[in-house]
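One file, model-v6.cif, carrying mmCIF, C-alpha atoms and all ligand atoms; chains and numbers go by the auth columns:
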data_work
loop_
_atom_site.group_PDB
_atom_site.id
_atom_site.type_symbol
_atom_site.label_atom_id
_atom_site.label_comp_id
_atom_site.label_asym_id
_atom_site.label_seq_id
_atom_site.Cartn_x
_atom_site.Cartn_y
_atom_site.Cartn_z
_atom_site.B_iso_or_equiv
_atom_site.auth_seq_id
_atom_site.auth_asym_id
ATOM 1 C CA MET A 1 9.678 20.306 -10.100 0.00 1 A
ATOM 2 C CA LYS A 2 6.754 18.969 -12.090 0.00 2 A
ATOM 3 C CA LYS A 3 4.674 21.893 -10.839 0.00 3 A
ATOM 4 C CA ILE A 4 7.280 24.420 -11.927 0.00 4 A
ATOM 5 C CA LEU A 5 7.467 22.895 -15.389 0.00 5 A
ATOM 6 C CA PHE A 6 3.729 22.947 -15.622 0.00 6 A
ATOM 7 C CA ALA A 7 3.563 26.609 -14.582 0.00 7 A
ATOM 8 C CA PHE A 8 6.219 27.411 -17.166 0.00 8 A
ATOM 9 C CA LEU A 9 4.338 25.605 -19.915 0.00 9 A
ATOM 10 C CA ALA A 10 1.121 27.335 -18.891 0.00 10 A
ATOM 11 C CA MET A 11 2.886 30.689 -19.148 0.00 11 A
ATOM 12 C CA VAL A 12 4.218 29.895 -22.606 0.00 12 A
ATOM 13 C CA PHE A 13 0.776 28.787 -23.640 0.00 13 A
ATOM 14 C CA ILE A 14 -0.865 31.950 -22.288 0.00 14 A
ATOM 15 C CA SER A 15 1.674 34.261 -23.888 0.00 15 A
ATOM 16 C CA CYS A 16 1.360 32.461 -27.238 0.00 16 A
ATOM 17 C CA ASN A 17 -2.364 32.811 -26.982 0.00 17 A
ATOM 18 C CA SER A 18 -2.348 36.521 -26.369 0.00 18 A
ATOM 19 C CA ASN A 19 0.005 37.052 -29.312 0.00 19 A
ATOM 20 C CA ALA A 20 -2.183 34.978 -31.551 0.00 20 A
ATOM 21 C CA GLN A 21 -5.156 37.009 -30.454 0.00 21 A
ATOM 22 C CA LYS A 22 -3.422 40.283 -31.292 0.00 22 A
ATOM 23 C CA ASN A 23 -2.199 39.224 -34.692 0.00 23 A
ATOM 24 C CA ASN A 24 -5.295 37.448 -35.844 0.00 24 A
ATOM 25 C CA SER A 25 -8.101 39.780 -34.958 0.00 25 A
ATOM 26 C CA GLU A 26 -9.431 39.543 -38.517 0.00 26 A
ATOM 27 C CA THR A 27 -9.521 35.780 -38.426 0.00 27 A
ATOM 28 C CA ASN A 28 -10.733 35.779 -34.853 0.00 28 A
ATOM 29 C CA SER A 29 -13.663 33.452 -35.397 0.00 29 A
ATOM 30 C CA LYS A 30 -11.356 30.868 -36.922 0.00 30 A
ATOM 31 C CA TYR A 31 -8.906 31.336 -34.081 0.00 31 A
ATOM 32 C CA VAL A 32 -11.602 30.775 -31.477 0.00 32 A
ATOM 33 C CA ALA A 33 -12.730 27.637 -33.260 0.00 33 A
ATOM 34 C CA SER A 34 -9.268 26.094 -33.150 0.00 34 A
ATOM 35 C CA LYS A 35 -8.273 27.318 -29.695 0.00 35 A
ATOM 36 C CA TYR A 36 -9.664 24.304 -27.833 0.00 36 A
ATOM 37 C CA GLU A 37 -8.982 20.617 -28.140 0.00 37 A
ATOM 38 C CA VAL A 38 -12.708 19.874 -28.420 0.00 38 A
ATOM 39 C CA THR A 39 -14.649 22.169 -30.738 0.00 39 A
ATOM 40 C CA LYS A 40 -18.139 21.850 -32.146 0.00 40 A
ATOM 41 C CA THR A 41 -20.552 24.071 -34.000 0.00 41 A
ATOM 42 C CA ASP A 42 -23.386 25.739 -32.147 0.00 42 A
ATOM 43 C CA GLN A 43 -25.794 23.238 -33.687 0.00 43 A
ATOM 44 C CA GLU A 44 -23.726 20.267 -32.565 0.00 44 A
ATOM 45 C CA TRP A 45 -23.577 21.583 -28.997 0.00 45 A
ATOM 46 C CA LYS A 46 -27.349 22.039 -29.015 0.00 46 A
ATOM 47 C CA GLU A 47 -27.728 18.399 -29.960 0.00 47 A
ATOM 48 C CA ILE A 48 -25.593 16.981 -27.167 0.00 48 A
ATOM 49 C CA LEU A 49 -26.447 19.414 -24.336 0.00 49 A
ATOM 50 C CA THR A 50 -29.731 19.966 -22.533 0.00 50 A
ATOM 51 C CA PRO A 51 -31.186 23.481 -23.041 0.00 51 A
ATOM 52 C CA ALA A 52 -30.076 24.418 -19.503 0.00 52 A
ATOM 53 C CA GLN A 53 -26.539 23.113 -20.083 0.00 53 A
ATOM 54 C CA TYR A 54 -26.358 24.898 -23.418 0.00 54 A
ATOM 55 C CA GLN A 55 -27.380 28.234 -21.876 0.00 55 A
ATOM 56 C CA ILE A 56 -24.630 28.006 -19.266 0.00 56 A
ATOM 57 C CA LEU A 57 -21.798 26.350 -21.164 0.00 57 A
ATOM 58 C CA ARG A 58 -22.188 28.018 -24.546 0.00 58 A
ATOM 59 C CA LYS A 59 -24.034 31.253 -23.678 0.00 59 A
ATOM 60 C CA ALA A 60 -22.337 32.009 -20.338 0.00 60 A
ATOM 61 C CA GLY A 61 -25.631 31.773 -18.486 0.00 61 A
ATOM 62 C CA THR A 62 -26.062 31.288 -14.733 0.00 62 A
ATOM 63 C CA GLU A 63 -28.345 28.741 -13.105 0.00 63 A
ATOM 64 C CA ARG A 64 -30.645 29.648 -10.214 0.00 64 A
ATOM 65 C CA PRO A 65 -28.862 29.301 -6.870 0.00 65 A
ATOM 66 C CA PHE A 66 -29.685 26.158 -4.842 0.00 66 A
ATOM 67 C CA SER A 67 -31.018 24.520 -8.017 0.00 67 A
ATOM 68 C CA SER A 68 -28.246 22.002 -8.617 0.00 68 A
ATOM 69 C CA GLU A 69 -28.202 18.596 -6.987 0.00 69 A
ATOM 70 C CA LEU A 70 -24.402 18.762 -7.115 0.00 70 A
ATOM 71 C CA ASN A 71 -24.548 21.302 -4.251 0.00 71 A
ATOM 72 C CA ASP A 72 -25.055 18.490 -1.736 0.00 72 A
ATOM 73 C CA ILE A 73 -22.423 16.055 -2.952 0.00 73 A
ATOM 74 C CA LYS A 74 -19.895 15.207 -0.270 0.00 74 A
ATOM 75 C CA LYS A 75 -18.624 11.784 -1.329 0.00 75 A
ATOM 76 C CA PRO A 76 -15.176 11.509 -2.912 0.00 76 A
ATOM 77 C CA GLY A 77 -15.054 11.926 -6.654 0.00 77 A
ATOM 78 C CA THR A 78 -14.471 14.216 -9.583 0.00 78 A
ATOM 79 C CA PHE A 79 -16.646 16.866 -11.149 0.00 79 A
ATOM 80 C CA ILE A 80 -16.214 16.728 -14.927 0.00 80 A
ATOM 81 C CA CYS A 81 -17.267 19.061 -17.721 0.00 81 A
ATOM 82 C CA ALA A 82 -20.819 18.235 -18.825 0.00 82 A
ATOM 83 C CA ALA A 83 -19.875 19.063 -22.407 0.00 83 A
ATOM 84 C CA CYS A 84 -16.578 17.223 -22.958 0.00 84 A
ATOM 85 C CA GLY A 85 -15.883 15.118 -19.856 0.00 85 A
ATOM 86 C CA ASN A 86 -12.712 16.979 -18.840 0.00 86 A
ATOM 87 C CA ASP A 87 -11.774 16.694 -15.123 0.00 87 A
ATOM 88 C CA LEU A 88 -12.500 20.048 -13.444 0.00 88 A
ATOM 89 C CA TYR A 89 -12.844 19.772 -9.668 0.00 89 A
ATOM 90 C CA GLN A 90 -12.610 17.233 -6.868 0.00 90 A
ATOM 91 C CA THR A 91 -14.858 16.772 -3.853 0.00 91 A
ATOM 92 C CA LYS A 92 -11.884 17.192 -1.488 0.00 92 A
ATOM 93 C CA ASN A 93 -11.597 20.820 -2.673 0.00 93 A
ATOM 94 C CA LYS A 94 -15.322 21.535 -2.396 0.00 94 A
ATOM 95 C CA PHE A 95 -16.596 23.695 0.447 0.00 95 A
ATOM 96 C CA GLU A 96 -19.929 25.025 1.658 0.00 96 A
ATOM 97 C CA SER A 97 -20.010 28.667 0.568 0.00 97 A
ATOM 98 C CA GLY A 98 -23.671 29.286 1.315 0.00 98 A
ATOM 99 C CA THR A 99 -24.132 30.847 -2.124 0.00 99 A
ATOM 100 C CA GLY A 100 -26.236 28.043 -3.582 0.00 100 A
ATOM 101 C CA TRP A 101 -23.674 27.164 -6.238 0.00 101 A
ATOM 102 C CA PRO A 102 -21.106 24.351 -5.985 0.00 102 A
ATOM 103 C CA SER A 103 -17.932 26.017 -4.693 0.00 103 A
ATOM 104 C CA PHE A 104 -14.320 24.887 -4.697 0.00 104 A
ATOM 105 C CA ASP A 105 -11.083 26.376 -3.402 0.00 105 A
ATOM 106 C CA ARG A 106 -9.050 25.052 -6.349 0.00 106 A
ATOM 107 C CA ALA A 107 -9.439 23.258 -9.668 0.00 107 A
ATOM 108 C CA VAL A 108 -7.799 20.112 -10.986 0.00 108 A
ATOM 109 C CA ASP A 109 -4.385 21.075 -12.447 0.00 109 A
ATOM 110 C CA GLY A 110 -4.875 22.249 -16.023 0.00 110 A
ATOM 111 C CA GLY A 111 -8.631 21.646 -15.869 0.00 111 A
ATOM 112 C CA ILE A 112 -9.819 25.204 -16.273 0.00 112 A
ATOM 113 C CA GLY A 113 -8.921 28.430 -18.044 0.00 113 A
ATOM 114 C CA LEU A 114 -9.624 32.011 -16.990 0.00 114 A
ATOM 115 C CA GLY A 115 -11.030 34.900 -18.964 0.00 115 A
ATOM 116 C CA SER A 116 -12.631 38.182 -17.990 0.00 116 A
ATOM 117 C CA ASP A 117 -16.266 39.103 -17.913 0.00 117 A
ATOM 118 C CA SER A 118 -17.612 42.638 -17.444 0.00 118 A
ATOM 119 C CA LYS A 119 -21.280 41.841 -18.047 0.00 119 A
ATOM 120 C CA LEU A 120 -22.301 43.181 -14.631 0.00 120 A
ATOM 121 C CA GLY A 121 -20.456 46.479 -15.087 0.00 121 A
ATOM 122 C CA TYR A 122 -17.314 45.381 -13.246 0.00 122 A
ATOM 123 C CA SER A 123 -14.627 42.936 -14.175 0.00 123 A
ATOM 124 C CA ARG A 124 -14.868 39.363 -12.908 0.00 124 A
ATOM 125 C CA ASP A 125 -12.616 36.392 -13.610 0.00 125 A
ATOM 126 C CA GLU A 126 -14.572 34.035 -15.804 0.00 126 A
ATOM 127 C CA ILE A 127 -13.883 30.294 -15.513 0.00 127 A
ATOM 128 C CA HIS A 128 -14.163 27.966 -18.482 0.00 128 A
ATOM 129 C CA CYS A 129 -13.248 24.387 -19.335 0.00 129 A
ATOM 130 C CA ALA A 130 -9.670 24.201 -20.633 0.00 130 A
ATOM 131 C CA VAL A 131 -10.576 21.527 -23.181 0.00 131 A
ATOM 132 C CA CYS A 132 -13.810 22.744 -24.811 0.00 132 A
ATOM 133 C CA GLY A 133 -13.973 26.383 -23.662 0.00 133 A
ATOM 134 C CA GLY A 134 -17.430 25.900 -22.131 0.00 134 A
ATOM 135 C CA HIS A 135 -18.344 28.552 -19.529 0.00 135 A
ATOM 136 C CA LEU A 136 -18.431 27.175 -15.978 0.00 136 A
ATOM 137 C CA GLY A 137 -18.679 30.085 -13.552 0.00 137 A
ATOM 138 C CA HIS A 138 -16.564 32.785 -11.889 0.00 138 A
ATOM 139 C CA LEU A 139 -13.552 33.060 -9.605 0.00 139 A
ATOM 140 C CA PHE A 140 -13.664 35.191 -6.446 0.00 140 A
ATOM 141 C CA ASN A 141 -11.149 36.007 -3.720 0.00 141 A
ATOM 142 C CA ASP A 142 -13.412 35.351 -0.734 0.00 142 A
ATOM 143 C CA GLY A 143 -12.777 31.612 -0.412 0.00 143 A
ATOM 144 C CA PRO A 144 -11.528 29.779 2.704 0.00 144 A
ATOM 145 C CA ARG A 145 -8.582 31.722 4.088 0.00 145 A
ATOM 146 C CA GLU A 146 -7.042 28.620 5.643 0.00 146 A
ATOM 147 C CA THR A 147 -6.539 27.073 2.183 0.00 147 A
ATOM 148 C CA THR A 148 -6.277 29.086 -1.061 0.00 148 A
ATOM 149 C CA GLY A 149 -8.555 32.046 -0.292 0.00 149 A
ATOM 150 C CA LYS A 150 -10.216 31.419 -3.657 0.00 150 A
ATOM 151 C CA ARG A 151 -13.827 30.621 -4.395 0.00 151 A
ATOM 152 C CA HIS A 152 -14.553 28.928 -7.694 0.00 152 A
ATOM 153 C CA CYS A 153 -18.287 29.536 -8.050 0.00 153 A
ATOM 154 C CA ILE A 154 -19.477 26.952 -10.566 0.00 154 A
ATOM 155 C CA ASN A 155 -22.817 26.193 -12.186 0.00 155 A
ATOM 156 C CA GLY A 156 -23.779 22.637 -11.240 0.00 156 A
ATOM 157 C CA ASP A 157 -25.456 22.163 -14.610 0.00 157 A
ATOM 158 C CA ALA A 158 -22.113 22.702 -16.346 0.00 158 A
ATOM 159 C CA MET A 159 -20.709 19.617 -14.621 0.00 159 A
ATOM 160 C CA LYS A 160 -21.339 15.942 -13.985 0.00 160 A
ATOM 161 C CA PHE A 161 -20.199 14.052 -10.907 0.00 161 A
ATOM 162 C CA VAL A 162 -18.201 10.852 -11.122 0.00 162 A
ATOM 163 C CA ALA A 163 -17.886 9.069 -7.776 0.00 163 A
ATOM 164 C CA GLU A 164 -14.495 7.617 -6.923 0.00 164 A
ATOM 165 C CA SER A 165 -14.441 3.861 -7.487 0.00 165 A
ATOM 166 C CA LYS A 166 -13.332 1.774 -4.530 0.00 166 A
HETATM 167 ZN ZN ZN B . -15.319 20.918 -21.483 0.00 201 A
#
Write the structure described by the file as structure tokens, please.
Ligand SMILES: [Zn+2]
Amino acid sequence: MKKILFAFLAMVFISCNSNAQKNNSETNSKYVASKYEVTKTDQEWKEILTPAQYQILRKAGTERPFSSELNDIKKPGTFICAACGNDLYQTKNKFESGTGWPSFDRAVDGGIGLGSDSKLGYSRDEIHCAVCGGHLGHLFNDGPRETTGKRHCINGDAMKFVAESK
């Protein structure tokens, strides 16, 4: 029941968003600035993020594969947004994709938002933090078939790991 309510609220939120986007194209920059719970200027983000984090989270960059130490994490815990601390993914949903980027079959409920990205000439589902809008990675449909079939391909530098306390 809780899930259904959540899905309903998410739908209302998404449909409100798309209307707002249509009606406010002139004030789009203002709209973007107020769309997320946590917003900062470019300069403020530069001050709190490392250059590598800034490139990924704020400029939709991609880290080199196999470069993140989060790839190897197997202990229970939560992967949070490196920019705002929002809960994004949990170790129990992490799987070895062989791509060199931390991969998950699902996100924490309400943790992420989806957009579209056609930078490579074809459309991909872009994943960002639901709280600050920071770019995280992309969503693909070649994940584990025995679970969700989804592969959330996430830049390790966009996240921090918080081990579960015992
Ligand atoms: Zn965030």
Within 7 Å of A:Pro102 using all atoms listed in the file, minus same-chain residues under 2 positions, as a PyMOL selection string
chain A and resi 70-71+100+104+153-156
Here's the selection I'm unsure about, the PyMOL selection byres (((chain A and resi 136-140) around 7) and not hetatm); applied to the file above, which residues does it give, as a ChimeraX atom specification?
/A:57,124-129,134-135,141-142,150-155,158
Given the file above and the PyMOL selection byres (((not hetatm)) within 7 of (chain A and resi 201)), which residues are selected, and can you give them as a VMD selection string?
chain A and resid 81 to 86 129 to 134
Work out how far atom CA of A:Ser68 is from atom CA of A:Pro51, in Å to one decimal.
14.8 Å
Point-to-point distance in Å for atom CA of A:Asp109 and atom CA of A:Gly143
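Rounded to one decimal, the two atoms are 18.1 Å apart.
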Residues around (-28.5, 31.2, -6.3), cut-off 10 Å, counting all atoms listed in the file - what are they as JSON, numbers by chain?
{"A": [62, 63, 64, 65, 66, 67, 68, 98, 99, 100, 101, 155]}
Would you compute the distance between atom CA of A:Glu146 and atom CA of A:Met159? Give it in Å to one decimal.
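About the pair atom CA of A:Glu146 and atom CA of A:Met159: they are 26.0 Å apart.
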